[in-house]
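A short write-up of the structure that comes next.
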Amino acid sequence: MKIKTKRLIRRPATFNDAADIAMNANDIDVTRYTAHVPFPYSLKNAKDFTQLCRKRKSQKSCDDLNFVIEMRSEKKVIGCLGFIRIDYFTGKADIGYWLSKNYWQQGFAFEAVNALIKFAFTTLKLQRLEAAIYIENHASQTLVKKLGFKKEGIRHRASRSRATGVLHDVLIYALLKPGKCK
Ligand SMILES: CC(C)(COP(=O)(O)OP(=O)(O)OC[C@H]1O[C@@H](n2cnc3c(N)ncnc32)[C@H](O)[C@@H]1OP(=O)(O)O)[C@@H](O)C(=O)NCCC(=O)NCCS
């Protein structure tokens with residue numbers, strides 16, 4: 001499902017997005033603080049990712065849902081975001097996101113993740129979103145705080161970056177759907 005915001009389109013990945021994804025993700029500054037994105041990031045990695053997204057999209061209920069972020073004015077994919085470990089029974093999911101370095105600090109992640117949150121609470125009917133952020137990742141912490149997430153705690157040595165192999169302490173941030181839980 002496509003969602004348009006002022007400057008962006010959030011949509012499922014297609015095979016044609018692989019080149020943009022590989023170009024943007026093949027950057028240690030982008031991948032360093034992520035748990036699942038490898039470095040170096042090859043065109044084959046990107047093709048496998050788009051294939052996985054299509055497979056997941058075709059499944060009725062799926063634990064992970066990934067999307068690309070397309071810049072409307074340039075018609076180019078500038079990043080990815082999505083849900084990890086969706087638990088429909090409890091109504092919760094983790095979120096993940098990354099953007100090409102060329103587009104940092106221009107409010108694009110705020111715009112894209114804000115739309116993802118609305119989708120989670122209205123369309124997926126989730127109650128709780130979690131962001132697990134490496135303690136060193138100040139950009140991501142600032143982003144989620146601005147989106148209304150609250151820090152709930154820390155998990156020590158809880159995640160190893162796939163890109164660097166470094167083990168990180170992880171801060172847990174959560175956002176609850178406004179109103180009473182159902
Ligand atoms: C985290 C990330 C998505 C933020 O993207 P972004 O488009 O630069 O974020 P925004 O421009 O929407 O900024 C949101 C807020 O965070 C702040 N911010 C962004 N980068 C920052 C940085 N490096 N240091 C401190 N604050 C930062 C912005 O200033 C803004 O706050 P403000 O409005 O009060 O000024 C981007 O840095 C990224 O892709 N990083 C690599 C991948 C990654 O770490 N993913 C998250 C894993 S948990």
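By convention in this document, the chains of the structure tokens carry letters A, B, ... by their order, each chain's residues are numbered from 1, and ligands are numbered from 1 in the order they are shown.
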Point to revise | Protein and nucleic residues near ligand 1, 9 Å, only C-alpha atoms and all ligand atoms, as JSON, numbers by chain | key: {"A": [28, 29, 30, 31, 32, 33, 34, 35, 79, 80, 81, 95, 96, 97, 98, 99, 100, 101, 103, 104, 105, 106, 107, 108, 109, 110, 111, 112, 113, 131, 132, 133, 134, 137, 138, 139, 140, 141, 142, 143, 144, 145, 146, 147]}
Point to revise | Residues within 9 Å of Lys150 (chain A), only C-alpha atoms, excluding chain neighbours under 2 positions, as a PyMOL selection string | key: chain A and resi 144-145+148+152+172-175
Check your understanding: Contacts of Met23 (chain A) at 10 Å or less, counting only C-alpha atoms, minus same-chain residues fewer than 5 places along, as a list of chain:residue names?
Key ->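 Non-adjacent residues within range: A:Ala18, A:Tyr41, A:Ser42, A:Leu43, A:Ala46, A:Val77, A:Ile78, A:Ser100.
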Exercise for review: Grab the CA of Ala25 (chain A) to CA of Arg10 (chain A) distance for me, in Å with one decimal place.
Suggested key: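 According to the coordinates, CA of Ala25 (chain A) and CA of Arg10 (chain A) are separated by 17.1 Å.
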Exercise for review: Just list the residues in region 43-150 of chain A DSSP gives strand (DSSP E or B) on the backbone, as a count of residues only.
Suggested key: 35
Revision key, fill the gap. Correct to one decimal, the distance CA of Leu124 (chain A)-CA of Leu52 (chain A) is 20.1 Å
Check your understanding: Separation of CA of Leu176 (chain A) and CA of Arg128 (chain A), in Å?
Key ->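 Distance between the two atoms: 4.6 Å.
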Exercise for review: Determine the nearest neighbour of Lys75 (chain A) from the options A:Ile154, A:Leu171, A:Leu8, A:Ile135, counting only C-alpha atoms.
Suggested key: A:Leu8
Practice item. Name the residues of region 36-66 of chain A that fall into helix (DSSP H, G or I) according to DSSP on the backbone, using the chain letters and numbers of this document, as a PyMOL selection string. Key: chain A and resi 43-58
**Study point:** Best match for closeness to Asn114 (chain A) among A:Gly82, A:Arg155, A:Ala13, A:Asn102, counting only C-alpha atoms
**Key:**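 Ranking A:Gly82, A:Arg155, A:Ala13, A:Asn102 by distance to Asn114 (chain A), first place goes to A:Gly82.
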Check your understanding: Pick from A:Arg160, A:Lys92, A:Arg85, A:Lys76: nearest to Lys125 (chain A), with only C-alpha atoms counted?
Key -> A:Lys92
Review point. Between A:Thr164, A:Asp17, A:Phe119, A:Lys177, which has the minimum distance to Pro40 (chain A) (counting only C-alpha atoms)?
Key: A:Thr164
Check your understanding: Which of these, A:Glu136, A:Asp27, A:Asp20, A:Asp64, has the shortest distance to Asp94 (chain A) once you count only C-alpha atoms?
Key -> A:Asp64
Point to revise | Distance criterion (only C-alpha atoms): nearest to Leu126 (chain A) out of A:Ile21, A:Phe39, A:Met1, A:Gly91 | key: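 Smallest separation from Leu126 (chain A) among the options: A:Gly91.
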